[in-house]
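Just protein34.pdb here, PDB, C-alpha atoms:
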ATOM      1  CA  MET A   1      -5.581   7.489  -8.372
ATOM      2  CA  LEU A   2      -4.197   5.901  -5.216
ATOM      3  CA  ARG A   3      -0.628   7.071  -5.802
ATOM      4  CA  GLN A   4      -1.075  10.117  -8.032
ATOM      5  CA  ARG A   5      -0.033  13.523  -6.859
ATOM      6  CA  TRP A   6      -2.142  16.191  -8.567
ATOM      7  CA  TRP A   7      -5.287  15.768  -6.464
ATOM      8  CA  LYS A   8      -3.248  16.061  -3.268
ATOM      9  CA  ILE A   9      -1.959  19.444  -4.417
ATOM     10  CA  VAL A  10      -5.540  20.455  -5.270
ATOM     11  CA  CYS A  11      -6.581  19.346  -1.765
ATOM     12  CA  VAL A  12      -3.926  21.503  -0.073
ATOM     13  CA  ILE A  13      -4.785  24.568  -2.175
ATOM     14  CA  LEU A  14      -8.522  24.215  -1.553
ATOM     15  CA  LEU A  15      -8.044  23.739   2.203
ATOM     16  CA  LEU A  16      -5.682  26.722   2.440
ATOM     17  CA  TYR A  17      -8.227  28.796   0.557
ATOM     18  CA  THR A  18     -11.022  27.548   2.830
ATOM     19  CA  PHE A  19      -9.112  28.474   5.962
ATOM     20  CA  ILE A  20      -8.150  31.947   4.729
ATOM     21  CA  ALA A  21     -11.453  32.768   3.012
ATOM     22  CA  GLY A  22     -13.327  31.165   5.891
ATOM     23  CA  PHE A  23     -11.919  33.714   8.325
ATOM     24  CA  LEU A  24     -11.556  36.778   6.122
ATOM     25  CA  GLY A  25     -14.376  36.346   3.607
ATOM     26  CA  PRO A  26     -17.731  38.125   3.769
ATOM     27  CA  VAL A  27     -20.433  36.646   6.012
ATOM     28  CA  PRO A  28     -23.988  37.766   6.749
ATOM     29  CA  ALA A  29     -24.414  39.666  10.038
ATOM     30  CA  LEU A  30     -26.767  37.517  12.112
ATOM     31  CA  PRO A  31     -27.921  37.899  15.705
ATOM     32  CA  ILE A  32     -26.693  35.284  18.242
ATOM     33  CA  LEU A  33     -24.514  33.573  15.623
ATOM     34  CA  ASN A  34     -22.354  36.630  14.837
ATOM     35  CA  GLU A  35     -19.013  35.475  13.474
ATOM     36  CA  THR A  36     -19.658  31.858  14.465
ATOM     37  CA  ILE A  37     -21.465  31.414  11.138
ATOM     38  CA  ARG A  38     -17.940  30.813   9.804
ATOM     39  CA  ASN A  39     -18.143  27.391  11.433
ATOM     40  CA  PHE A  40     -20.263  26.523   8.405
ATOM     41  CA  TYR A  41     -17.060  25.848   6.427
ATOM     42  CA  PHE A  42     -15.764  23.454   9.045
ATOM     43  CA  HIS A  43     -18.532  21.877  11.133
ATOM     44  CA  VAL A  44     -21.025  21.320   8.293
ATOM     45  CA  ALA A  45     -18.295  20.070   5.938
ATOM     46  CA  MET A  46     -17.414  17.343   8.472
ATOM     47  CA  TRP A  47     -20.911  15.852   8.214
ATOM     48  CA  PHE A  48     -21.000  15.998   4.435
ATOM     49  CA  CYS A  49     -17.621  14.251   4.301
ATOM     50  CA  MET A  50     -18.823  11.616   6.758
ATOM     51  CA  MET A  51     -21.827  10.864   4.529
ATOM     52  CA  ILE A  52     -19.625  10.674   1.424
ATOM     53  CA  PHE A  53     -17.249   8.223   3.117
ATOM     54  CA  PHE A  54     -20.075   6.050   4.425
ATOM     55  CA  VAL A  55     -21.541   5.902   0.904
ATOM     56  CA  ILE A  56     -18.144   4.848  -0.524
ATOM     57  CA  SER A  57     -17.793   2.310   2.284
ATOM     58  CA  VAL A  58     -21.162   0.677   1.645
ATOM     59  CA  ILE A  59     -20.432   0.525  -2.103
ATOM     60  CA  TYR A  60     -17.231  -1.411  -1.380
ATOM     61  CA  SER A  61     -19.090  -3.689   1.033
ATOM     62  CA  ILE A  62     -21.583  -4.558  -1.705
ATOM     63  CA  LYS A  63     -18.673  -5.112  -4.108
ATOM     64  CA  TYR A  64     -17.082  -7.430  -1.562
ATOM     65  CA  LEU A  65     -20.262  -9.471  -1.232
ATOM     66  CA  ARG A  66     -20.434  -9.835  -5.031
ATOM     67  CA  LYS A  67     -16.769 -10.653  -5.717
ATOM     68  CA  SER A  68     -15.333 -11.805  -2.337
ATOM     69  CA  ASP A  69     -12.122  -9.871  -3.066
ATOM     70  CA  PRO A  70     -10.455  -9.056   0.299
ATOM     71  CA  VAL A  71      -9.167  -5.739  -1.122
ATOM     72  CA  PHE A  72     -12.755  -4.468  -1.311
ATOM     73  CA  ASP A  73     -13.170  -5.324   2.360
ATOM     74  CA  ILE A  74     -10.102  -3.206   3.233
ATOM     75  CA  TYR A  75     -11.551  -0.280   1.254
ATOM     76  CA  ALA A  76     -14.941  -0.608   2.978
ATOM     77  CA  LEU A  77     -13.351  -0.766   6.430
ATOM     78  CA  GLU A  78     -10.976   2.179   5.948
ATOM     79  CA  TYR A  79     -13.659   4.426   4.436
ATOM     80  CA  ALA A  80     -15.982   3.573   7.321
ATOM     81  CA  LYS A  81     -13.193   4.534   9.742
ATOM     82  CA  ALA A  82     -12.682   7.843   7.926
ATOM     83  CA  GLY A  83     -16.421   8.466   8.118
ATOM     84  CA  ILE A  84     -16.414   7.766  11.854
ATOM     85  CA  LEU A  85     -13.459  10.142  12.343
ATOM     86  CA  PHE A  86     -15.179  12.967  10.469
ATOM     87  CA  GLY A  87     -18.479  12.232  12.230
ATOM     88  CA  CYS A  88     -16.816  12.464  15.652
ATOM     89  CA  LEU A  89     -15.207  15.758  14.642
ATOM     90  CA  GLY A  90     -18.602  17.009  13.453
ATOM     91  CA  LEU A  91     -20.204  15.997  16.739
ATOM     92  CA  VAL A  92     -17.533  17.642  18.894
ATOM     93  CA  THR A  93     -17.457  20.865  16.860
ATOM     94  CA  GLY A  94     -21.260  20.970  16.861
ATOM     95  CA  SER A  95     -21.316  20.565  20.615
ATOM     96  CA  LEU A  96     -18.752  23.345  21.072
ATOM     97  CA  TRP A  97     -20.723  25.611  18.776
ATOM     98  CA  ALA A  98     -23.959  24.800  20.620
ATOM     99  CA  GLY A  99     -22.264  25.561  23.935
ATOM    100  CA  ILE A 100     -21.815  29.166  22.837
ATOM    101  CA  THR A 101     -24.954  29.762  20.776
ATOM    102  CA  TRP A 102     -27.545  27.505  22.474
ATOM    103  CA  ASN A 103     -26.012  27.935  25.929
ATOM    104  CA  ALA A 104     -25.621  24.177  26.366
ATOM    105  CA  TYR A 105     -23.010  21.842  24.995
ATOM    106  CA  TRP A 106     -25.508  19.025  25.019
ATOM    107  CA  SER A 107     -29.259  19.560  24.986
ATOM    108  CA  ASN A 108     -30.512  16.157  23.754
ATOM    109  CA  ASP A 109     -31.541  17.862  20.575
ATOM    110  CA  PRO A 110     -33.005  15.354  18.057
ATOM    111  CA  LYS A 111     -30.148  16.080  15.669
ATOM    112  CA  GLN A 112     -27.513  15.507  18.318
ATOM    113  CA  LEU A 113     -29.166  12.246  19.377
ATOM    114  CA  GLY A 114     -29.626  11.063  15.793
ATOM    115  CA  ALA A 115     -25.976  11.735  15.009
ATOM    116  CA  VAL A 116     -24.825   9.901  18.136
ATOM    117  CA  VAL A 117     -27.001   6.878  17.342
ATOM    118  CA  ALA A 118     -25.648   6.781  13.774
ATOM    119  CA  LEU A 119     -22.051   6.943  15.008
ATOM    120  CA  LEU A 120     -22.618   4.274  17.662
ATOM    121  CA  ILE A 121     -24.020   1.947  14.995
ATOM    122  CA  TYR A 122     -20.833   2.456  12.980
ATOM    123  CA  LEU A 123     -18.626   1.948  16.041
ATOM    124  CA  ALA A 124     -20.418  -1.356  16.533
ATOM    125  CA  TYR A 125     -19.288  -2.241  12.987
ATOM    126  CA  LEU A 126     -15.662  -2.036  14.129
ATOM    127  CA  ILE A 127     -16.347  -4.026  17.302
ATOM    128  CA  LEU A 128     -18.283  -6.680  15.387
ATOM    129  CA  ARG A 129     -15.416  -7.123  12.932
ATOM    130  CA  ASN A 130     -12.807  -7.414  15.633
ATOM    131  CA  SER A 131     -14.860 -10.020  17.478
ATOM    132  CA  MET A 132     -14.234 -12.548  14.696
ATOM    133  CA  PRO A 133     -10.767 -14.035  14.182
ATOM    134  CA  ASP A 134     -11.680 -15.742  10.892
ATOM    135  CA  MET A 135     -10.800 -13.371   8.028
ATOM    136  CA  ASP A 136     -13.493 -14.438   5.551
ATOM    137  CA  LYS A 137     -16.231 -14.537   8.145
ATOM    138  CA  ARG A 138     -15.164 -11.140   9.462
ATOM    139  CA  ALA A 139     -15.239  -9.601   6.008
ATOM    140  CA  ARG A 140     -18.558 -11.158   5.021
ATOM    141  CA  ILE A 141     -20.482 -10.430   8.219
ATOM    142  CA  GLY A 142     -18.836  -7.002   8.373
ATOM    143  CA  ALA A 143     -20.042  -6.225   4.856
ATOM    144  CA  VAL A 144     -23.595  -7.281   5.663
ATOM    145  CA  TYR A 145     -23.584  -5.257   8.864
ATOM    146  CA  ASN A 146     -22.163  -2.251   7.024
ATOM    147  CA  ILE A 147     -25.191  -2.258   4.717
ATOM    148  CA  PHE A 148     -27.453  -2.327   7.766
ATOM    149  CA  ALA A 149     -25.478   0.512   9.376
ATOM    150  CA  PHE A 150     -25.791   2.564   6.207
ATOM    151  CA  ALA A 151     -29.539   1.936   6.086
ATOM    152  CA  MET A 152     -29.769   3.307   9.632
ATOM    153  CA  LEU A 153     -28.397   6.645   8.399
ATOM    154  CA  PHE A 154     -31.724   7.252   6.684
ATOM    155  CA  PRO A 155     -33.852   7.507   9.840
ATOM    156  CA  THR A 156     -31.157   8.881  12.159
ATOM    157  CA  LEU A 157     -29.679  11.580   9.941
ATOM    158  CA  TRP A 158     -31.970  12.171   7.017
ATOM    159  CA  ILE A 159     -35.593  11.591   8.127
ATOM    160  CA  ILE A 160     -36.115  12.175  11.863
ATOM    161  CA  PRO A 161     -34.120  15.458  11.980
ATOM    162  CA  ARG A 162     -36.376  16.818   9.250
ATOM    163  CA  MET A 163     -39.580  15.882  11.084
ATOM    164  CA  VAL A 164     -39.134  17.343  14.540
ATOM    165  CA  GLU A 165     -38.471  20.771  15.929
ATOM    166  CA  SER A 166     -34.950  21.543  16.978
ATOM    167  CA  LEU A 167     -32.581  24.356  17.800
ATOM    168  CA  HIS A 168     -30.446  23.272  14.875
ATOM    169  CA  PRO A 169     -31.365  24.638  11.427
ATOM    170  CA  GLY A 170     -33.630  22.418   9.363
ATOM    171  CA  GLY A 171     -36.545  21.289  11.474
ATOM    172  CA  LEU A 172     -39.975  20.548  10.005
ATOM    173  CA  GLY A 173     -39.100  19.829   6.427
ATOM    174  CA  SER A 174     -36.098  21.974   5.582
ATOM    175  CA  ASN A 175     -32.516  20.835   5.112
ATOM    176  CA  PRO A 176     -30.598  20.400   8.386
ATOM    177  CA  ALA A 177     -27.281  21.286   6.770
ATOM    178  CA  PHE A 178     -28.127  24.865   5.898
ATOM    179  CA  GLY A 179     -29.545  27.973   7.498
ATOM    180  CA  GLY A 180     -27.983  31.360   8.115
ATOM    181  CA  GLU A 181     -25.268  31.294   5.491
ATOM    182  CA  ASP A 182     -25.695  33.240   2.240
ATOM    183  CA  ALA A 183     -24.849  32.607  -1.417
ATOM    184  CA  ARG A 184     -21.307  34.022  -1.103
ATOM    185  CA  MET A 185     -20.587  31.563   1.700
ATOM    186  CA  GLY A 186     -22.243  28.800  -0.300
ATOM    187  CA  ARG A 187     -19.772  29.311  -3.146
ATOM    188  CA  ILE A 188     -16.761  29.007  -0.834
ATOM    189  CA  PHE A 189     -18.388  25.985   0.801
ATOM    190  CA  TRP A 190     -19.191  24.033  -2.360
ATOM    191  CA  PHE A 191     -16.135  24.913  -4.416
ATOM    192  CA  ALA A 192     -13.417  24.991  -1.746
ATOM    193  CA  ALA A 193     -14.422  23.601   1.651
ATOM    194  CA  MET A 194     -16.326  20.506   0.506
ATOM    195  CA  PRO A 195     -13.879  19.229  -2.135
ATOM    196  CA  GLY A 196     -10.916  20.202   0.052
ATOM    197  CA  TRP A 197     -12.070  18.337   3.146
ATOM    198  CA  THR A 198     -13.273  15.376   1.102
ATOM    199  CA  LEU A 199      -9.920  15.057  -0.670
ATOM    200  CA  LEU A 200      -8.081  15.261   2.666
ATOM    201  CA  GLY A 201     -10.216  12.426   4.009
ATOM    202  CA  VAL A 202      -9.665  10.381   0.855
ATOM    203  CA  TRP A 203      -5.918  11.054   1.090
ATOM    204  CA  ILE A 204      -5.716   9.822   4.682
ATOM    205  CA  THR A 205      -7.896   6.831   3.812
ATOM    206  CA  THR A 206      -5.767   5.839   0.810
ATOM    207  CA  LEU A 207      -2.677   5.983   3.047
ATOM    208  CA  ARG A 208      -4.330   3.603   5.495
ATOM    209  CA  ILE A 209      -5.450   1.324   2.660
ATOM    210  CA  ARG A 210      -1.911   1.214   1.230
ATOM    211  CA  LEU A 211      -0.505   0.430   4.665
ATOM    212  CA  GLN A 212      -3.057  -2.339   5.161
ATOM    213  CA  LEU A 213      -2.311  -3.810   1.727
ATOM    214  CA  LEU A 214       1.428  -3.789   2.556
ATOM    215  CA  HIS A 215       0.701  -5.450   5.874
ATOM    216  CA  ASP A 216      -1.400  -8.169   4.239
ATOM    217  CA  LYS A 217       1.234  -8.811   1.573
ATOM    218  CA  GLY A 218       3.804  -9.236   4.334
ATOM    219  CA  SER A 219       1.692 -11.807   6.122
ATOM    220  CA  TYR A 220       1.219 -13.794   2.899
ATOM    221  CA  HIS A 221       4.962 -13.931   2.306
ATOM    222  CA  ALA A 222       5.687 -15.042   5.848
TER     223      ALA A 222
ATOM    224  CA  MET B 223       5.902  19.145 -11.776
ATOM    225  CA  HIS B 224       7.362  22.614 -11.133
ATOM    226  CA  LYS B 225       5.196  24.040 -13.869
ATOM    227  CA  PHE B 226       2.158  22.464 -12.243
ATOM    228  CA  ILE B 227       2.972  23.886  -8.820
ATOM    229  CA  ARG B 228       3.579  27.328 -10.328
ATOM    230  CA  SER B 229       0.281  27.293 -12.197
ATOM    231  CA  SER B 230      -1.623  26.049  -9.154
ATOM    232  CA  LEU B 231      -0.097  28.836  -7.041
ATOM    233  CA  PHE B 232      -1.269  31.300  -9.673
ATOM    234  CA  VAL B 233      -4.810  29.915  -9.499
ATOM    235  CA  PHE B 234      -4.681  30.202  -5.708
ATOM    236  CA  ALA B 235      -3.588  33.853  -5.894
ATOM    237  CA  ALA B 236      -6.363  34.575  -8.390
ATOM    238  CA  LEU B 237      -8.911  33.009  -6.020
ATOM    239  CA  LEU B 238      -7.650  35.194  -3.164
ATOM    240  CA  ALA B 239      -7.854  38.303  -5.345
ATOM    241  CA  GLY B 240     -11.464  37.412  -6.120
ATOM    242  CA  LEU B 241     -12.139  37.084  -2.411
ATOM    243  CA  THR B 242     -10.935  40.591  -1.553
ATOM    244  CA  SER B 243     -13.054  42.102  -4.326
ATOM    245  CA  LEU B 244     -16.071  40.274  -2.846
ATOM    246  CA  ALA B 245     -15.242  41.548   0.614
ATOM    247  CA  GLN B 246     -15.401  45.152  -0.530
ATOM    248  CA  GLY B 247     -19.015  44.688  -1.604
ATOM    249  CA  ASP B 248     -20.774  44.885   1.771
ATOM    250  CA  GLY B 249     -20.708  48.075   3.766
ATOM    251  CA  GLU B 250     -23.713  47.646   6.055
ATOM    252  CA  LYS B 251     -23.317  48.699   9.684
ATOM    253  CA  VAL B 252     -24.098  45.643  11.752
ATOM    254  CA  GLU B 253     -22.025  44.814  14.780
ATOM    255  CA  MET B 254     -19.564  42.118  13.830
ATOM    256  CA  ALA B 255     -15.942  41.490  14.675
ATOM    257  CA  ASP B 256     -14.933  44.345  12.382
ATOM    258  CA  THR B 257     -12.770  46.116  14.958
ATOM    259  CA  LEU B 258     -10.784  42.977  15.443
ATOM    260  CA  ARG B 259     -10.212  42.750  11.749
ATOM    261  CA  SER B 260      -9.373  46.409  11.256
ATOM    262  CA  ASN B 261      -6.854  46.083  14.065
ATOM    263  CA  GLY B 262      -5.431  43.270  12.006
ATOM    264  CA  LYS B 263      -5.764  40.734  14.789
ATOM    265  CA  ILE B 264      -7.960  38.315  12.909
ATOM    266  CA  TYR B 265      -4.912  37.738  10.747
ATOM    267  CA  VAL B 266      -3.164  36.336  13.802
ATOM    268  CA  VAL B 267      -5.865  33.705  14.048
ATOM    269  CA  VAL B 268      -5.615  32.996  10.343
ATOM    270  CA  ILE B 269      -1.838  32.557  10.626
ATOM    271  CA  VAL B 270      -2.223  30.210  13.593
ATOM    272  CA  VAL B 271      -4.854  28.094  11.890
ATOM    273  CA  VAL B 272      -2.957  27.982   8.604
ATOM    274  CA  THR B 273       0.194  26.972  10.496
ATOM    275  CA  ILE B 274      -1.655  24.091  12.103
ATOM    276  CA  LEU B 275      -3.076  23.089   8.744
ATOM    277  CA  ALA B 276       0.383  23.259   7.167
ATOM    278  CA  GLY B 277       1.800  21.092   9.948
ATOM    279  CA  LEU B 278      -0.894  18.471   9.513
ATOM    280  CA  ILE B 279      -0.494  18.472   5.725
ATOM    281  CA  LEU B 280       3.298  18.096   6.053
ATOM    282  CA  TYR B 281       2.733  15.178   8.410
ATOM    283  CA  VAL B 282       0.437  13.485   5.892
ATOM    284  CA  ILE B 283       2.894  14.148   3.043
ATOM    285  CA  ARG B 284       5.754  12.573   5.011
ATOM    286  CA  LEU B 285       3.574   9.582   5.830
ATOM    287  CA  ASP B 286       2.666   9.308   2.153
ATOM    288  CA  ARG B 287       6.359   9.319   1.140
ATOM    289  CA  LYS B 288       7.206   6.757   3.803
ATOM    290  CA  ILE B 289       4.493   4.362   2.650
ATOM    291  CA  GLY B 290       5.574   4.979  -0.952
ATOM    292  CA  ARG B 291       9.140   3.948  -0.042
ATOM    293  CA  MET B 292       7.841   0.842   1.713
ATOM    294  CA  GLU B 293       5.878  -0.088  -1.396
ATOM    295  CA  LYS B 294       8.967   0.310  -3.583
ATOM    296  CA  GLY B 295      11.019  -1.733  -1.123
ATOM    297  CA  ARG B 296       9.087  -4.909  -1.948
TER     298      ARG B 296
END

What's the structure tokens form of this structure?
Amino acid sequence: MLRQRWWKIVCVILLLYTFIAGFLGPVPALPILNETIRNFYFHVAMWFCMMIFFVISVIYSIKYLRKSDPVFDIYALEYAKAGILFGCLGLVTGSLWAGITWNAYWSNDPKQLGAVVALLIYLAYLILRNSMPDMDKRARIGAVYNIFAFAMLFPTLWIIPRMVESLHPGGLGSNPAFGGEDARMGRIFWFAAMPGWTLLGVWITTLRIRLQLLHDKGSYHA
Amino acid sequence: MHKFIRSSLFVFAALLAGLTSLAQGDGEKVEMADTLRSNGKIYVVVIVVVTILAGLILYVIRLDRKIGRMEKGR
């Protein structure tokens, strides 16, 4: 999987399709949002990808704690970094979108605050790791912290945003990811945008993992 | 490999064809950026965005090859 080629071609095709269909495809005509509903293919996909990468990361952290194989620790770290990258992109694009449609780039909306708290917890994961020079200790404590950070996604992203009112879609019980788009957009989203963006993130992450593995091999030989 | 690229391009073209047939379905009169599209200018944006995407993808592909060469070098 790490070095195969077919899924990278699939990724490029799906992303190209997302970008072309995302701009030229049919969208519902909505007040205030107008054409900005097309952000659905880009902004919302960032958050879904972030969640997918954090799930993969926590799975590898648990694997590390069970087997103590340093390769699992590299996987957990690089997937967490990919998740943070996509989360930051989601936050910035959301803020830009809000600036036009809510008339404020930042309005301390519960969803904005929840997302920031979740990302800060993950940034602390990187800082915590780098504060320990001992490799085994770093990997072990990092893995434990990663599980805690993942657990914090439940209140910050999945529970609180559903309980309180907000300008963002999905207050008071509905799903924060959706609102406004229609079934035609949903098809492009689920079959092109989501797999395309996810594969791009996995591609970049596997490159970083391979580089890290090379780096580690080099330091063993030295 | 060439066969695979050719068949994947075909699938991509078929997807695009499906998209245009979908686009013909809605003829309601609600104010959207239709003028921009009928003037053809939305295509400029599409070209710009696709160019950026292509550049980023090429960058990642080159990085992939480079790391692949490093792996073979050992």

Review point. If we count only C-alpha atoms, which residues of chain A reach to within 10 Å of chain B? Please list them as a ChimeraX atom specification.
Key: /A:3,5-6,8-31,34-35,184,188,200,203-204,206-208,210-211,213-214,217-218

Write to file, as an mmCIF file, in the coordinates of the input, the residues of the selection just made, with C-alpha atoms.
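Output contents, as saved in out-v8.cif:
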data_model
loop_
_atom_site.group_PDB
_atom_site.id
_atom_site.type_symbol
_atom_site.label_atom_id
_atom_site.label_comp_id
_atom_site.auth_asym_id
_atom_site.auth_seq_id
_atom_site.Cartn_x
_atom_site.Cartn_y
_atom_site.Cartn_z
ATOM 1 C CA ARG A 3 -0.628 7.071 -5.802
ATOM 2 C CA ARG A 5 -0.033 13.523 -6.859
ATOM 3 C CA TRP A 6 -2.142 16.191 -8.567
ATOM 4 C CA LYS A 8 -3.248 16.061 -3.268
ATOM 5 C CA ILE A 9 -1.959 19.444 -4.417
ATOM 6 C CA VAL A 10 -5.540 20.455 -5.270
ATOM 7 C CA CYS A 11 -6.581 19.346 -1.765
ATOM 8 C CA VAL A 12 -3.926 21.503 -0.073
ATOM 9 C CA ILE A 13 -4.785 24.568 -2.175
ATOM 10 C CA LEU A 14 -8.522 24.215 -1.553
ATOM 11 C CA LEU A 15 -8.044 23.739 2.203
ATOM 12 C CA LEU A 16 -5.682 26.722 2.440
ATOM 13 C CA TYR A 17 -8.227 28.796 0.557
ATOM 14 C CA THR A 18 -11.022 27.548 2.830
ATOM 15 C CA PHE A 19 -9.112 28.474 5.962
ATOM 16 C CA ILE A 20 -8.150 31.947 4.729
ATOM 17 C CA ALA A 21 -11.453 32.768 3.012
ATOM 18 C CA GLY A 22 -13.327 31.165 5.891
ATOM 19 C CA PHE A 23 -11.919 33.714 8.325
ATOM 20 C CA LEU A 24 -11.556 36.778 6.122
ATOM 21 C CA GLY A 25 -14.376 36.346 3.607
ATOM 22 C CA PRO A 26 -17.731 38.125 3.769
ATOM 23 C CA VAL A 27 -20.433 36.646 6.012
ATOM 24 C CA PRO A 28 -23.988 37.766 6.749
ATOM 25 C CA ALA A 29 -24.414 39.666 10.038
ATOM 26 C CA LEU A 30 -26.767 37.517 12.112
ATOM 27 C CA PRO A 31 -27.921 37.899 15.705
ATOM 28 C CA ASN A 34 -22.354 36.630 14.837
ATOM 29 C CA GLU A 35 -19.013 35.475 13.474
ATOM 30 C CA ARG A 184 -21.307 34.022 -1.103
ATOM 31 C CA ILE A 188 -16.761 29.007 -0.834
ATOM 32 C CA LEU A 200 -8.081 15.261 2.666
ATOM 33 C CA TRP A 203 -5.918 11.054 1.090
ATOM 34 C CA ILE A 204 -5.716 9.822 4.682
ATOM 35 C CA THR A 206 -5.767 5.839 0.810
ATOM 36 C CA LEU A 207 -2.677 5.983 3.047
ATOM 37 C CA ARG A 208 -4.330 3.603 5.495
ATOM 38 C CA ARG A 210 -1.911 1.214 1.230
ATOM 39 C CA LEU A 211 -0.505 0.430 4.665
ATOM 40 C CA LEU A 213 -2.311 -3.810 1.727
ATOM 41 C CA LEU A 214 1.428 -3.789 2.556
ATOM 42 C CA LYS A 217 1.234 -8.811 1.573
ATOM 43 C CA GLY A 218 3.804 -9.236 4.334
#

Check your understanding: What does the distance between atom CA of A:Gln212 and atom CA of A:Met50 come to in Å, to one decimal place?
Key -> 21.1 Å

**Study point:** Shell around A:Tyr79 at 7 Å using only C-alpha atoms, local window under 3 positions removed, as a count of residues only
**Key:** 9

Exercise for review: Pick out the closest residue to A:Met163 from this set: A:Pro176, A:Arg129, A:Ile84, A:Thr36. Count only C-alpha atoms.
Suggested key: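 Among A:Pro176, A:Arg129, A:Ile84, A:Thr36, it is A:Pro176 that comes nearest to A:Met163.
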
Exercise for review: Would you work out the distance separating atom CA of A:Asp109 from atom CA of A:Lys81, expressed in Å to one decimal?
Suggested key: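 Atom-to-atom, atom CA of A:Asp109 to atom CA of A:Lys81, that is 25.1 Å.
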
Exercise for review: Translate the PyMOL selection byres ((chain A and resi 193) around 7), as applied to the file shown, into an explicit residue set as a list in words.
Suggested key: Leu14, Leu15, Thr18, Tyr41, Ala45, Ile188, Phe189, Trp190, Phe191, Ala192, Met194, Pro195, Gly196 and Trp197 of chain A

Exercise for review: Quick one: apply the PyMOL selection byres ((chain A and resi 141-155) around 10) to the file and drop the selected residues here as a PyMOL selection string.
Suggested key: chain A and resi 51+54-55+57-65+72-73+76-77+80+114-115+117-130+132+136-140+156-162

May I have the selected residues written with C-alpha atoms, as a compact mmCIF listing (two decimals), in the frame of the given file?
# COMPACT_ATOMS: atom_id res chain seq x y z
CA MET A 51 -21.83 10.86 4.53
CA PHE A 54 -20.08 6.05 4.42
CA VAL A 55 -21.54 5.90 0.90
CA SER A 57 -17.79 2.31 2.28
CA VAL A 58 -21.16 0.68 1.64
CA ILE A 59 -20.43 0.52 -2.10
CA TYR A 60 -17.23 -1.41 -1.38
CA SER A 61 -19.09 -3.69 1.03
CA ILE A 62 -21.58 -4.56 -1.70
CA LYS A 63 -18.67 -5.11 -4.11
CA TYR A 64 -17.08 -7.43 -1.56
CA LEU A 65 -20.26 -9.47 -1.23
CA PHE A 72 -12.76 -4.47 -1.31
CA ASP A 73 -13.17 -5.32 2.36
CA ALA A 76 -14.94 -0.61 2.98
CA LEU A 77 -13.35 -0.77 6.43
CA ALA A 80 -15.98 3.57 7.32
CA GLY A 114 -29.63 11.06 15.79
CA ALA A 115 -25.98 11.74 15.01
CA VAL A 117 -27.00 6.88 17.34
CA ALA A 118 -25.65 6.78 13.77
CA LEU A 119 -22.05 6.94 15.01
CA LEU A 120 -22.62 4.27 17.66
CA ILE A 121 -24.02 1.95 15.00
CA TYR A 122 -20.83 2.46 12.98
CA LEU A 123 -18.63 1.95 16.04
CA ALA A 124 -20.42 -1.36 16.53
CA TYR A 125 -19.29 -2.24 12.99
CA LEU A 126 -15.66 -2.04 14.13
CA ILE A 127 -16.35 -4.03 17.30
CA LEU A 128 -18.28 -6.68 15.39
CA ARG A 129 -15.42 -7.12 12.93
CA ASN A 130 -12.81 -7.41 15.63
CA MET A 132 -14.23 -12.55 14.70
CA ASP A 136 -13.49 -14.44 5.55
CA LYS A 137 -16.23 -14.54 8.14
CA ARG A 138 -15.16 -11.14 9.46
CA ALA A 139 -15.24 -9.60 6.01
CA ARG A 140 -18.56 -11.16 5.02
CA THR A 156 -31.16 8.88 12.16
CA LEU A 157 -29.68 11.58 9.94
CA TRP A 158 -31.97 12.17 7.02
CA ILE A 159 -35.59 11.59 8.13
CA ILE A 160 -36.12 12.18 11.86
CA PRO A 161 -34.12 15.46 11.98
CA ARG A 162 -36.38 16.82 9.25
